[in-house]
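Next up, coords_12.cif (mmCIF, C-alpha atoms and all ligand atoms):
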```cif
data_query
loop_
_atom_site.label_atom_id
_atom_site.label_comp_id
_atom_site.auth_asym_id
_atom_site.auth_seq_id
_atom_site.Cartn_x
_atom_site.Cartn_y
_atom_site.Cartn_z
CA MET A 169 0.00 0.00 0.00
CA LEU A 170 1.29 3.45 -0.87
CA LEU A 171 1.42 6.24 1.69
CA ASP A 172 -1.36 8.19 -0.09
CA GLU A 173 -3.63 5.16 -0.03
CA ALA A 174 -2.92 4.62 3.66
CA ILE A 175 -3.74 8.26 4.41
CA ASN A 176 -7.05 7.92 2.57
CA LYS A 177 -7.95 4.70 4.37
CA LEU A 178 -7.07 6.14 7.79
CA GLU A 179 -8.85 9.44 7.17
CA ALA A 180 -12.00 7.57 6.24
CA CYS A 181 -12.00 5.80 9.61
CA ASN A 182 -10.55 8.58 11.72
CA GLN A 183 -7.28 6.81 12.56
CA LYS A 184 -4.64 9.14 11.12
CA GLN A 185 -2.72 9.13 14.42
CA LEU A 186 -1.27 5.77 13.31
CA LEU A 187 1.04 7.63 10.91
CA ARG A 188 2.24 10.01 13.62
CA PHE A 189 5.82 8.67 13.59
CA TYR A 190 5.91 7.62 9.92
CA ASN A 191 8.50 10.20 8.85
CA GLU A 192 10.94 9.06 11.57
CA LEU A 193 10.95 5.43 10.37
CA ASP A 194 13.43 3.76 8.06
CA PRO A 195 11.96 2.52 4.74
CA GLU A 196 11.64 -1.08 5.94
CA LYS A 197 9.60 -0.10 9.00
CA GLN A 198 7.55 2.36 6.91
CA ASN A 199 6.59 -0.53 4.64
CA MET A 200 5.75 -2.75 7.62
CA LEU A 201 3.36 -0.12 8.90
CA LEU A 202 1.77 0.46 5.50
CA SER A 203 1.22 -3.28 4.99
CA GLN A 204 -0.38 -3.57 8.39
CA ILE A 205 -2.66 -0.62 7.67
CA GLU A 206 -3.68 -2.31 4.44
CA ALA A 207 -4.41 -5.62 6.18
CA THR A 208 -6.31 -4.22 9.17
CA ASP A 209 -10.08 -4.06 9.31
CA PHE A 210 -10.77 -0.88 11.28
CA SER A 211 -14.53 -1.24 10.96
CA VAL A 212 -14.60 -3.34 14.16
CA VAL A 213 -13.55 -0.33 16.25
CA ARG A 214 -16.36 1.25 18.24
CA THR A 215 -16.98 2.79 21.63
CA ASP A 216 -20.68 2.15 22.11
CA LYS A 217 -20.69 -0.73 24.59
CA ASP A 218 -24.45 -1.32 24.39
CA SER A 219 -24.76 -4.71 22.71
CA GLY A 220 -28.47 -4.15 21.99
CA ALA A 221 -31.66 -5.49 23.49
CA ARG A 222 -31.93 -9.19 24.16
CA GLY A 223 -34.85 -11.42 23.26
CA ALA A 224 -37.25 -13.02 25.76
CA ILE A 225 -35.21 -15.05 28.26
CA THR A 226 -36.66 -18.26 29.70
CA PRO A 227 -35.10 -21.23 31.51
CA ILE A 228 -33.66 -24.10 29.45
CA GLU A 229 -34.04 -27.79 30.21
CA VAL A 230 -30.96 -29.29 31.84
CA THR A 231 -29.88 -32.93 31.72
CA GLY A 232 -28.83 -33.29 35.33
CA MET A 233 -26.25 -35.59 36.87
CA SER A 234 -28.82 -38.02 38.28
CA GLU A 235 -30.31 -38.65 34.82
CA ILE A 236 -26.83 -38.92 33.31
CA ASN A 237 -25.81 -41.46 35.95
CA LEU A 238 -28.89 -43.58 35.24
CA ARG A 239 -28.05 -43.70 31.51
CA ARG A 240 -24.24 -43.61 31.86
CA ASN A 241 -23.58 -47.04 30.31
CA GLU A 242 -25.84 -46.35 27.34
CA PHE A 243 -24.22 -42.92 26.71
CA MET A 244 -20.74 -44.35 27.21
CA SER A 245 -21.18 -47.14 24.71
CA VAL A 246 -22.57 -44.81 22.00
CA GLY A 247 -19.79 -42.27 22.69
CA LEU A 248 -17.01 -44.85 22.61
CA SER A 249 -18.29 -46.21 19.35
CA GLU A 250 -18.27 -42.67 17.84
CA ILE A 251 -14.70 -42.16 19.06
CA ARG A 252 -13.55 -45.54 17.76
CA SER A 253 -15.05 -44.72 14.37
CA GLY A 254 -12.85 -41.60 14.30
CA HIS A 255 -15.90 -39.29 14.32
CA VAL A 256 -14.72 -37.17 17.26
CA ALA A 257 -11.90 -34.62 17.38
CA ALA A 258 -10.95 -31.97 19.94
CA VAL A 259 -10.22 -28.26 19.51
CA LEU A 260 -8.12 -26.47 22.11
CA LEU A 261 -8.68 -22.71 22.21
CA ALA A 262 -5.28 -21.35 23.16
CA GLY A 263 -5.18 -18.05 21.31
CA GLY A 264 -6.06 -15.86 24.31
CA MET A 265 -3.58 -13.54 25.97
CA GLY A 266 -4.28 -14.70 29.53
CA THR A 267 -3.73 -11.17 30.80
CA ARG A 268 -5.27 -11.90 34.20
CA LEU A 269 -2.69 -14.60 34.88
CA GLY A 270 -0.06 -12.03 34.06
CA SER A 271 2.50 -14.25 32.35
CA ASP A 272 3.96 -13.34 28.95
CA ALA A 273 4.20 -16.97 27.88
CA PRO A 274 1.19 -18.86 26.46
CA LYS A 275 -1.12 -19.79 29.34
CA GLY A 276 -0.72 -23.50 28.61
CA MET A 277 2.99 -23.25 29.46
CA TYR A 278 2.17 -22.29 33.04
CA ASN A 279 3.59 -24.80 35.50
CA VAL A 280 1.01 -25.77 38.15
CA GLY A 281 3.27 -28.42 39.67
CA ILE A 282 4.70 -28.04 43.16
CA THR A 283 7.15 -30.90 43.65
CA ARG A 284 7.42 -31.67 39.93
CA ASP A 285 6.75 -29.93 36.62
CA LEU A 286 3.13 -30.14 35.51
CA TYR A 287 2.15 -27.71 32.78
CA ILE A 288 -1.40 -26.71 31.91
CA PHE A 289 -0.99 -28.15 28.40
CA GLU A 290 0.25 -31.36 29.99
CA CYS A 291 -2.84 -31.62 32.23
CA LEU A 292 -5.07 -31.28 29.17
CA ILE A 293 -3.14 -33.85 27.15
CA ASN A 294 -3.26 -36.24 30.12
CA ASN A 295 -7.03 -35.79 30.22
CA ILE A 296 -7.38 -36.68 26.52
CA LYS A 297 -5.05 -39.63 26.99
CA ASP A 298 -7.51 -41.08 29.53
CA VAL A 299 -9.98 -41.36 26.65
CA THR A 300 -7.56 -42.61 24.02
CA LYS A 301 -6.48 -45.32 26.45
CA ALA A 302 -10.09 -46.37 26.97
CA SER A 303 -11.01 -46.25 23.29
CA GLY A 304 -7.75 -47.65 21.96
CA ASN A 305 -7.35 -45.08 19.18
CA SER A 306 -5.89 -41.58 18.82
CA ILE A 307 -8.05 -38.47 18.63
CA HIS A 308 -7.17 -35.54 16.39
CA LEU A 309 -6.40 -32.43 18.40
CA PHE A 310 -6.57 -29.01 16.74
CA VAL A 311 -4.87 -26.21 18.65
CA MET A 312 -5.81 -22.59 18.00
CA THR A 313 -3.03 -20.10 18.67
CA SER A 314 -2.60 -16.44 17.78
CA ASP A 315 0.19 -14.52 16.03
CA ARG A 316 1.43 -13.63 19.50
CA ASN A 317 1.87 -17.10 20.90
CA ASN A 318 1.99 -19.49 17.94
CA ASP A 319 5.75 -20.03 17.78
CA ALA A 320 6.12 -20.34 21.53
CA THR A 321 3.23 -22.82 21.71
CA ILE A 322 4.49 -25.04 18.90
CA GLY A 323 8.05 -24.83 20.26
CA PHE A 324 6.84 -25.93 23.69
CA PHE A 325 4.90 -28.93 22.39
CA ARG A 326 7.98 -30.02 20.42
CA GLU A 327 10.33 -29.49 23.36
CA LYS A 328 8.07 -31.57 25.61
CA ASN A 329 7.58 -34.27 22.98
CA TYR A 330 3.89 -33.51 22.78
CA PHE A 331 3.62 -34.86 26.34
CA GLY A 332 3.53 -38.36 24.88
CA TYR A 333 0.68 -37.64 22.44
CA ASP A 334 1.05 -38.71 18.80
CA PRO A 335 2.32 -35.58 16.93
CA ASP A 336 0.59 -36.73 13.74
CA TYR A 337 -2.68 -36.10 15.54
CA VAL A 338 -1.86 -32.54 16.67
CA HIS A 339 -2.59 -29.67 14.25
CA PHE A 340 -1.95 -26.00 14.97
CA PHE A 341 -3.80 -23.11 13.34
CA ILE A 342 -3.69 -19.37 13.91
CA GLN A 343 -6.66 -17.12 14.68
CA ASP A 344 -7.18 -13.58 13.37
CA MET A 345 -6.21 -10.39 15.15
CA ALA A 346 -8.19 -7.15 15.66
CA PRO A 347 -6.93 -3.62 16.42
CA ALA A 348 -7.11 -2.33 20.01
CA SER A 349 -8.11 1.25 20.79
CA ASP A 350 -8.30 3.82 23.55
CA TYR A 351 -11.64 4.77 25.11
CA ASN A 352 -12.27 7.25 22.27
CA GLY A 353 -11.91 4.60 19.59
CA LYS A 354 -8.43 5.71 18.50
CA VAL A 355 -6.36 2.66 17.65
CA TYR A 356 -3.12 2.43 19.66
CA LEU A 357 0.38 1.97 18.28
CA GLU A 358 2.36 -0.80 19.93
CA GLU A 359 5.55 0.47 18.32
CA LYS A 360 6.11 3.44 16.06
CA TRP A 361 5.83 1.06 13.11
CA LYS A 362 3.27 -1.37 14.50
CA ILE A 363 -0.45 -1.12 15.16
CA SER A 364 -1.59 -2.55 18.48
CA THR A 365 -3.59 -5.69 17.82
CA SER A 366 -4.83 -8.57 19.89
CA PRO A 367 -6.52 -11.91 19.19
CA ASN A 368 -10.07 -11.26 18.01
CA GLY A 369 -11.82 -13.50 20.54
CA ASN A 370 -12.65 -17.19 20.55
CA GLY A 371 -15.75 -16.84 18.32
CA GLY A 372 -13.79 -17.09 15.09
CA TRP A 373 -12.35 -20.53 15.84
CA TYR A 374 -14.23 -22.39 13.11
CA SER A 375 -13.61 -19.85 10.36
CA SER A 376 -9.95 -19.76 11.44
CA MET A 377 -9.88 -23.55 11.18
CA ALA A 378 -11.24 -23.21 7.66
CA LYS A 379 -8.65 -20.54 6.76
CA GLY A 380 -5.86 -22.65 8.23
CA GLY A 381 -6.78 -25.65 6.04
CA MET A 382 -7.98 -27.71 9.02
CA LEU A 383 -11.33 -28.56 7.48
CA ASP A 384 -9.57 -30.75 4.92
CA ILE A 385 -8.31 -32.86 7.82
CA VAL A 386 -11.82 -32.88 9.29
CA LYS A 387 -13.32 -34.01 5.98
CA ASP A 388 -10.62 -36.49 5.01
CA ASN A 389 -10.87 -38.21 8.37
CA GLY A 390 -14.66 -38.32 8.51
CA ILE A 391 -14.77 -36.20 11.68
CA GLU A 392 -18.38 -35.44 12.62
CA TRP A 393 -18.04 -33.87 16.07
CA LEU A 394 -15.66 -31.23 17.40
CA ASN A 395 -15.22 -30.94 21.17
CA VAL A 396 -14.07 -27.37 21.69
CA PHE A 397 -12.51 -26.50 25.03
CA SER A 398 -10.64 -23.71 26.78
CA VAL A 399 -6.99 -23.83 27.76
CA ASP A 400 -7.54 -22.97 31.39
CA ASN A 401 -9.77 -25.68 32.87
CA VAL A 402 -7.21 -28.26 33.95
CA LEU A 403 -9.80 -30.75 35.20
CA GLN A 404 -12.08 -30.90 32.20
CA ARG A 405 -12.82 -34.20 30.50
CA ILE A 406 -12.08 -33.91 26.78
CA ALA A 407 -13.85 -36.04 24.16
CA ASP A 408 -15.72 -37.50 27.11
CA PRO A 409 -17.52 -40.57 25.71
CA VAL A 410 -20.52 -40.10 28.03
CA PHE A 411 -20.99 -36.50 26.81
CA VAL A 412 -20.50 -37.55 23.17
CA GLY A 413 -23.04 -40.36 23.48
CA ALA A 414 -25.59 -38.17 25.26
CA THR A 415 -25.27 -35.37 22.68
CA LYS A 416 -25.59 -37.75 19.77
CA LEU A 417 -28.65 -39.46 21.24
CA SER A 418 -30.26 -36.09 22.04
CA GLY A 419 -30.35 -35.17 18.33
CA CYS A 420 -29.11 -31.65 19.24
CA SER A 421 -26.59 -29.72 17.10
CA VAL A 422 -24.45 -28.96 20.11
CA GLY A 423 -23.83 -30.10 23.65
CA ALA A 424 -22.65 -27.80 26.46
CA LYS A 425 -21.04 -28.99 29.67
CA VAL A 426 -22.42 -26.91 32.52
CA ILE A 427 -21.94 -26.69 36.26
CA ARG A 428 -24.37 -25.78 39.00
CA LYS A 429 -23.38 -22.26 40.03
CA ALA A 430 -21.55 -21.93 43.34
CA SER A 431 -23.37 -18.67 44.12
CA PRO A 432 -25.76 -16.36 42.24
CA ASP A 433 -22.84 -14.01 41.55
CA GLU A 434 -20.36 -16.56 40.23
CA ARG A 435 -18.59 -15.19 37.16
CA VAL A 436 -19.78 -17.74 34.62
CA GLY A 437 -22.07 -17.31 31.63
CA VAL A 438 -25.56 -18.66 32.36
CA ILE A 439 -27.31 -20.91 29.86
CA CYS A 440 -30.96 -20.24 29.02
CA LEU A 441 -33.37 -19.90 26.12
CA GLU A 442 -33.63 -16.61 24.27
CA ASP A 443 -36.69 -16.33 22.05
CA GLY A 444 -36.92 -20.10 22.32
CA ARG A 445 -33.35 -20.82 21.14
CA PRO A 446 -30.39 -21.81 23.33
CA SER A 447 -28.39 -18.82 24.49
CA ILE A 448 -25.85 -17.72 27.08
CA VAL A 449 -26.04 -14.61 29.21
CA GLU A 450 -22.60 -13.48 30.41
CA TYR A 451 -22.25 -12.89 34.16
CA TYR A 452 -21.85 -9.14 33.66
CA GLU A 453 -25.11 -9.01 31.69
CA LEU A 454 -27.13 -10.97 34.26
CA THR A 455 -30.15 -8.94 35.45
CA ASP A 456 -31.45 -8.99 39.03
CA GLU A 457 -34.62 -10.52 37.66
CA MET A 458 -32.67 -13.49 36.25
CA ARG A 459 -30.54 -13.78 39.38
CA GLU A 460 -33.64 -13.99 41.59
CA ALA A 461 -35.99 -16.01 39.32
CA LYS A 462 -37.17 -19.28 40.89
CA PHE A 463 -39.08 -22.36 39.73
CA PRO A 464 -42.28 -23.22 41.68
CA ASN A 465 -40.24 -25.73 43.76
CA GLY A 466 -37.91 -22.92 44.88
CA ASP A 467 -34.88 -23.86 42.75
CA PRO A 468 -33.16 -20.97 40.96
CA ALA A 469 -34.32 -20.83 37.33
CA TYR A 470 -30.94 -19.80 35.91
CA ASN A 471 -28.51 -21.85 37.91
CA PHE A 472 -26.22 -23.45 35.34
CA GLY A 473 -23.01 -21.89 34.09
CA VAL A 474 -21.12 -22.86 30.95
CA THR A 475 -17.63 -24.31 31.34
CA LEU A 476 -16.45 -23.56 27.79
CA ASN A 477 -16.57 -27.20 26.79
CA TYR A 478 -18.89 -27.68 23.83
CA LEU A 479 -19.47 -30.52 21.41
CA PHE A 480 -20.44 -29.25 17.96
CA ARG A 481 -21.83 -31.29 15.10
CA VAL A 482 -19.62 -30.43 12.11
CA GLU A 483 -22.53 -30.47 9.66
CA GLU A 484 -24.27 -27.68 11.60
CA LEU A 485 -21.07 -25.65 11.86
CA ASN A 486 -20.74 -25.74 8.09
CA ALA A 487 -24.26 -24.37 7.81
CA ILE A 488 -23.45 -21.26 9.92
CA ILE A 489 -19.85 -20.62 8.91
CA GLY A 490 -20.53 -17.47 6.86
CA LYS A 491 -22.82 -15.84 9.44
CA SER A 492 -21.37 -12.98 11.46
CA LEU A 493 -21.31 -13.07 15.23
CA PRO A 494 -22.03 -10.05 17.46
CA LEU A 495 -18.96 -8.04 18.40
CA HIS A 496 -18.13 -7.63 22.09
CA ILE A 497 -16.21 -4.65 23.40
CA VAL A 498 -13.90 -5.72 26.21
CA GLU A 499 -11.98 -3.35 28.48
CA LYS A 500 -8.36 -4.44 28.85
CA LYS A 501 -4.89 -3.20 29.72
CA ILE A 502 -3.23 -2.32 26.41
CA PRO A 503 0.51 -1.62 26.34
CA HIS A 504 1.23 1.06 23.74
CA ILE A 505 3.37 4.06 22.88
CA ASP A 506 2.00 7.48 23.65
CA GLU A 507 2.07 10.60 21.48
CA HIS A 508 5.63 11.31 22.68
CA GLY A 509 6.85 7.89 21.58
CA GLU A 510 7.14 6.60 25.20
CA HIS A 511 6.26 2.96 25.97
CA ILE A 512 3.37 2.71 28.41
CA GLU A 513 2.63 -0.45 30.44
CA PRO A 514 -0.75 0.30 32.01
CA ASP A 515 -1.60 -1.13 35.42
CA LYS A 516 -5.34 -0.77 34.86
CA PRO A 517 -7.58 -1.07 31.80
CA ASN A 518 -7.00 1.76 29.34
CA GLY A 519 -9.02 0.84 26.27
CA TYR A 520 -10.97 -1.63 24.25
CA LYS A 521 -10.35 -4.87 22.44
CA PHE A 522 -12.94 -6.20 20.02
CA GLU A 523 -13.90 -9.85 20.19
CA THR A 524 -16.45 -12.34 18.94
CA LEU A 525 -17.29 -15.11 21.38
CA ILE A 526 -17.94 -18.80 20.95
CA LEU A 527 -20.93 -18.57 23.28
CA ASP A 528 -22.80 -16.57 20.63
CA MET A 529 -22.52 -19.51 18.24
CA ILE A 530 -24.77 -21.55 20.51
CA HIS A 531 -27.69 -19.22 19.75
CA MET A 532 -27.30 -19.85 16.02
CA LEU A 533 -27.68 -23.60 16.36
CA ASN A 534 -30.74 -25.77 16.60
CA GLY A 535 -31.05 -27.26 20.04
CA CYS A 536 -28.43 -27.59 22.73
CA LEU A 537 -28.03 -30.50 25.12
CA VAL A 538 -27.29 -28.89 28.47
CA PHE A 539 -25.17 -31.53 30.21
CA GLU A 540 -24.43 -31.14 33.91
CA VAL A 541 -21.02 -32.12 35.25
CA ASP A 542 -19.74 -32.27 38.81
CA ARG A 543 -17.76 -29.10 39.36
CA LYS A 544 -15.47 -30.72 41.96
CA HIS A 545 -14.28 -33.16 39.30
CA GLU A 546 -14.49 -31.19 36.05
CA PHE A 547 -14.13 -27.48 36.72
CA ALA A 548 -10.86 -25.94 37.76
CA PRO A 549 -10.32 -22.88 35.57
CA ILE A 550 -7.11 -20.92 35.94
CA LYS A 551 -7.85 -17.28 35.22
CA ASN A 552 -5.92 -15.54 38.01
CA ARG A 553 -2.82 -16.22 40.11
CA THR A 554 -4.61 -16.23 43.44
CA GLY A 555 -8.17 -16.22 44.78
CA VAL A 556 -11.19 -17.33 42.79
CA ASP A 557 -10.50 -19.39 39.61
CA SER A 558 -6.79 -19.25 40.19
CA VAL A 559 -3.63 -21.33 40.23
CA GLU A 560 -4.26 -21.79 43.97
CA SER A 561 -7.86 -22.98 43.65
CA ALA A 562 -7.02 -25.24 40.69
CA ARG A 563 -4.17 -26.85 42.65
CA GLU A 564 -6.56 -27.72 45.47
CA LEU A 565 -9.00 -29.28 43.01
CA LEU A 566 -6.26 -31.20 41.18
CA LYS A 567 -5.14 -32.65 44.53
CA LEU A 568 -8.73 -33.56 45.38
CA ASN A 569 -8.82 -35.55 42.13
CA GLY A 570 -5.66 -37.45 42.95
CA VAL A 571 -3.29 -35.54 40.65
CA ILE A 572 0.20 -35.39 42.14
CA LEU A 573 1.54 -31.87 42.01
P1 LIG A 601 -10.64 -15.89 28.32
O1 LIG A 601 -11.97 -15.28 28.18
O2 LIG A 601 -10.26 -16.40 29.66
O3 LIG A 601 -9.56 -14.84 27.78
O4 LIG A 601 -10.52 -17.05 27.26
P2 LIG A 601 -7.97 -14.81 27.83
O5 LIG A 601 -7.56 -13.83 26.78
O6 LIG A 601 -7.36 -16.17 27.69
O7 LIG A 601 -7.61 -14.31 29.29
P3 LIG A 601 -7.68 -12.86 29.94
O8 LIG A 601 -9.14 -12.46 29.93
O9 LIG A 601 -6.84 -11.96 29.09
O10 LIG A 601 -7.14 -13.06 31.31
C1 LIG A 601 -11.27 -18.23 27.31
C2 LIG A 601 -10.65 -19.22 26.33
O11 LIG A 601 -10.71 -18.71 24.99
C3 LIG A 601 -9.42 -18.66 24.44
C4 LIG A 601 -8.46 -18.60 25.62
O12 LIG A 601 -7.17 -19.04 25.24
C5 LIG A 601 -9.18 -19.51 26.59
O13 LIG A 601 -8.95 -20.86 26.28
N1 LIG A 601 -9.30 -17.46 23.57
C6 LIG A 601 -9.67 -16.24 24.05
C7 LIG A 601 -8.80 -17.62 22.32
O14 LIG A 601 -8.44 -18.74 21.89
N2 LIG A 601 -8.70 -16.50 21.53
C8 LIG A 601 -9.07 -15.27 21.95
O15 LIG A 601 -8.95 -14.31 21.19
C9 LIG A 601 -9.57 -15.14 23.25
#
```

Once you've parsed the file, please lay out its structure as C-alpha cells.
Amino acid sequence: MLLDEAINKLEACNQKQLLRFYNELDPEKQNMLLSQIEATDFSVVRTDKDSGARGAITPIEVTGMSEINLRRNEFMSVGLSEIRSGHVAAVLLAGGMGTRLGSDAPKGMYNVGITRDLYIFECLINNIKDVTKASGNSIHLFVMTSDRNNDATIGFFREKNYFGYDPDYVHFFIQDMAPASDYNGKVYLEEKWKISTSPNGNGGWYSSMAKGGMLDIVKDNGIEWLNVFSVDNVLQRIADPVFVGATKLSGCSVGAKVIRKASPDERVGVICLEDGRPSIVEYYELTDEMREAKFPNGDPAYNFGVTLNYLFRVEELNAIIGKSLPLHIVEKKIPHIDEHGEHIEPDKPNGYKFETLILDMIHMLNGCLVFEVDRKHEFAPIKNRTGVDSVESARELLKLNGVIL
C-alpha cells in the first residue's frame, strides 16, 4: 500500500494518528506499517458498549447428573463407538492472551506443579489420553493459537515431545487479530511502526480452522463432532464418551457442559433460552430478575453456568460458517506508545479490544443438550494467580482428584 492510499484509508476511519511517527521510520519499517494498515479491518472499532436489546429469556431444560448417571452405560457405549469410528476430534482454544494470569508466555505453558513440573498443556493432554487409552485409538487435536503465541506454543509442544501424544494427531492453526483502541476509539500503536492488535476472541475458531486448512483434515478423516474447550480448565474431560453419546442421542446440534453455580454471583455465563433458542447470558449481563428467578419448587431458574466445553456437530457448523457473530467490546490493559513515543505499560484497563465469542454460536444452532457435570471433578479454571478461579484454587481441586503436584 502506498502512503497516499494509507492516508485515505485512515482518514476515512478517523485513525490518522497511526502515521504520527511515519516520517521518523526507516523505509523497511515504513513498509511494515503500510502493509499492516492495508491488512487491518478498522470497521470493528467502536466505543458504544451497548450490545443491543436481548430477546425473551426463559429457563432451558438441563440434563442433570442423576439422569446422566442412570443412563451412563448407554451414553458411554454410544460415545465410545463414535470415538472408535474416528468421528470425534478436539479443539483447544489457546489463542487468548491470559492477561489476568499475568505471564507473557502462552497460558498452557504455566507450571502448576509443586514438587514436579506439571504444565497446563500437559494436564489437558493427560485428560485426553484417559480417553484414548479407553477407546484404543488416537483423537485428532486441533490447537488454535494467535500470532502472539503461535511459535512459543508449537516450540513448547515439540520441546516436551507432545507430552507423549502422537504428533501426527496434533494440528496448529492461527486465529485472526483485531486492532485495540483507547476509550475514544483511537487505535493504539504498539511500536512506532506497528499497530496494536490482539486476538479477536474465541468466536472465530471455526472460520480460522477453515482458513488454516484444518477442514480438509476434518473431511478427510470423517470427523463429525468437534469438542471445543478452553486452555484454562485443567480438570475438564475432553472427548468424554458419556458426553458424546448423550449429545448424539439427544439429536441436538451442540452439547454444552455446565456446572451448578456456586453462588448467584459466580462469574460464569448462564445458559438459558432466548426467544426459544439456546443462548448464554454473560455474568456481567445478568439482570437482578434473572438472578432472583425461581421455579415453583424454589430452585433458581438460571442456575447453570457454561464451562467452555462444547461438542459441535460439524454439519451444523458448516451451515453457519458465513454468518457474522455479534462483536463484544472488552476493556483491557493495552501496552502502547503514547504521542511522545514513550512505551506505556498500564496497570489498569485503558481501552478496548474487540472480540467475537464462541458462546454466541450456541444461539445460532438448533437445540443444545445442556449436560451437567460435577464441578469438583471437572471445573478448575485458571484465570488468576490467586483467589477465585486461580492457580491456587485449581491446585486444590487437582489434589482432590488425585493428581500429584
Ligand atoms: P478468556 O476469556 O479467559 O480470555 O478465554 P484470555 O484472553 O485467555 O484471558 P484474559 O481475559 O486476558 O485473562 C477463554 C478461552 O478462549 C481462548 C483462551 O485461550 C481460553 O482458552 N481465547 C480467548 C482464544 O483462543 N482467543 C481469543 O482471542 C480469546

- What is the distance, in Å and to one decimal place, between atom CA of Arg405 of chain A and atom CA of His339 of chain A?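 Separating atom CA of Arg405 of chain A from atom CA of His339 of chain A is a distance of 19.7 Å.
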
- Query: When distances are computed from all atoms listed in the file, which of A:Glu484, A:Asp542, A:Glu442, A:Asp315 shows the smallest separation from ligand LIG 601 (chain A)?
  - Reply: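 Checking each candidate against ligand LIG 601 (chain A), we get A:Asp315 as the closest.
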
Env. residues ligand LIG 601 (chain A) / 10 Å / all atoms listed in the file / as a PDB file with C-alpha atoms, in the coordinates of the input:
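Result went into part_33.pdb, see below:
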```
ATOM      1  CA  VAL A 259     -10.220 -28.260  19.510  1.00  0.00           C
ATOM      2  CA  LEU A 260      -8.120 -26.470  22.110  1.00  0.00           C
ATOM      3  CA  LEU A 261      -8.680 -22.710  22.210  1.00  0.00           C
ATOM      4  CA  ALA A 262      -5.280 -21.350  23.160  1.00  0.00           C
ATOM      5  CA  GLY A 263      -5.180 -18.050  21.310  1.00  0.00           C
ATOM      6  CA  GLY A 264      -6.060 -15.860  24.310  1.00  0.00           C
ATOM      7  CA  MET A 265      -3.580 -13.540  25.970  1.00  0.00           C
ATOM      8  CA  GLY A 266      -4.280 -14.700  29.530  1.00  0.00           C
ATOM      9  CA  THR A 267      -3.730 -11.170  30.800  1.00  0.00           C
ATOM     10  CA  ARG A 268      -5.270 -11.900  34.200  1.00  0.00           C
ATOM     11  CA  LEU A 269      -2.690 -14.600  34.880  1.00  0.00           C
ATOM     12  CA  GLY A 270      -0.060 -12.030  34.060  1.00  0.00           C
ATOM     13  CA  SER A 271       2.500 -14.250  32.350  1.00  0.00           C
ATOM     14  CA  PRO A 274       1.190 -18.860  26.460  1.00  0.00           C
ATOM     15  CA  LYS A 275      -1.120 -19.790  29.340  1.00  0.00           C
ATOM     16  CA  GLY A 276      -0.720 -23.500  28.610  1.00  0.00           C
ATOM     17  CA  VAL A 311      -4.870 -26.210  18.650  1.00  0.00           C
ATOM     18  CA  MET A 312      -5.810 -22.590  18.000  1.00  0.00           C
ATOM     19  CA  THR A 313      -3.030 -20.100  18.670  1.00  0.00           C
ATOM     20  CA  SER A 314      -2.600 -16.440  17.780  1.00  0.00           C
ATOM     21  CA  ILE A 342      -3.690 -19.370  13.910  1.00  0.00           C
ATOM     22  CA  GLN A 343      -6.660 -17.120  14.680  1.00  0.00           C
ATOM     23  CA  ASP A 344      -7.180 -13.580  13.370  1.00  0.00           C
ATOM     24  CA  MET A 345      -6.210 -10.390  15.150  1.00  0.00           C
ATOM     25  CA  ALA A 346      -8.190  -7.150  15.660  1.00  0.00           C
ATOM     26  CA  SER A 366      -4.830  -8.570  19.890  1.00  0.00           C
ATOM     27  CA  PRO A 367      -6.520 -11.910  19.190  1.00  0.00           C
ATOM     28  CA  ASN A 368     -10.070 -11.260  18.010  1.00  0.00           C
ATOM     29  CA  GLY A 369     -11.820 -13.500  20.540  1.00  0.00           C
ATOM     30  CA  ASN A 370     -12.650 -17.190  20.550  1.00  0.00           C
ATOM     31  CA  GLY A 371     -15.750 -16.840  18.320  1.00  0.00           C
ATOM     32  CA  GLY A 372     -13.790 -17.090  15.090  1.00  0.00           C
ATOM     33  CA  TRP A 373     -12.350 -20.530  15.840  1.00  0.00           C
ATOM     34  CA  VAL A 396     -14.070 -27.370  21.690  1.00  0.00           C
ATOM     35  CA  PHE A 397     -12.510 -26.500  25.030  1.00  0.00           C
ATOM     36  CA  SER A 398     -10.640 -23.710  26.780  1.00  0.00           C
ATOM     37  CA  VAL A 399      -6.990 -23.830  27.760  1.00  0.00           C
ATOM     38  CA  ASP A 400      -7.540 -22.970  31.390  1.00  0.00           C
ATOM     39  CA  ASN A 401      -9.770 -25.680  32.870  1.00  0.00           C
ATOM     40  CA  THR A 475     -17.630 -24.310  31.340  1.00  0.00           C
ATOM     41  CA  LEU A 476     -16.450 -23.560  27.790  1.00  0.00           C
ATOM     42  CA  ASN A 477     -16.570 -27.200  26.790  1.00  0.00           C
ATOM     43  CA  VAL A 498     -13.900  -5.720  26.210  1.00  0.00           C
ATOM     44  CA  GLU A 499     -11.980  -3.350  28.480  1.00  0.00           C
ATOM     45  CA  LYS A 500      -8.360  -4.440  28.850  1.00  0.00           C
ATOM     46  CA  LYS A 501      -4.890  -3.200  29.720  1.00  0.00           C
ATOM     47  CA  LYS A 521     -10.350  -4.870  22.440  1.00  0.00           C
ATOM     48  CA  PHE A 522     -12.940  -6.200  20.020  1.00  0.00           C
ATOM     49  CA  GLU A 523     -13.900  -9.850  20.190  1.00  0.00           C
ATOM     50  CA  THR A 524     -16.450 -12.340  18.940  1.00  0.00           C
ATOM     51  CA  LEU A 525     -17.290 -15.110  21.380  1.00  0.00           C
ATOM     52  CA  ILE A 526     -17.940 -18.800  20.950  1.00  0.00           C
ATOM     53  CA  PRO A 549     -10.320 -22.880  35.570  1.00  0.00           C
ATOM     54  CA  ILE A 550      -7.110 -20.920  35.940  1.00  0.00           C
ATOM     55  CA  LYS A 551      -7.850 -17.280  35.220  1.00  0.00           C
ATOM     56  CA  ASN A 552      -5.920 -15.540  38.010  1.00  0.00           C
TER      57      ASN A 552
END
```

Find the residues of segment 225-294 of chain A that sit at most 10 Å from segment 378-387 of chain A; for each, write down the nearest two atoms and how far apart they are in Å, to one decimal. Count all atoms listed in the file. Sort by chain, then by number going up, and give it as a Markdown table.
```
| residue | atom | partner | partner_atom | distance |
| --- | --- | --- | --- | --- |
| A:His255 | CA | A:Val386 | CA | 9.1 |
| A:Val256 | CA | A:Val386 | CA | 9.5 |
| A:Ala257 | CA | A:Val386 | CA | 8.3 |
```

Since we have the selection now, will you write its residues out, keeping C-alpha atoms, as a compact mmCIF listing (two decimals), in the coordinates of the input?
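New file out10.txt:
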```
# COMPACT_ATOMS: atom_id res chain seq x y z
CA HIS A 255 -15.90 -39.29 14.32
CA VAL A 256 -14.72 -37.17 17.26
CA ALA A 257 -11.90 -34.62 17.38
```
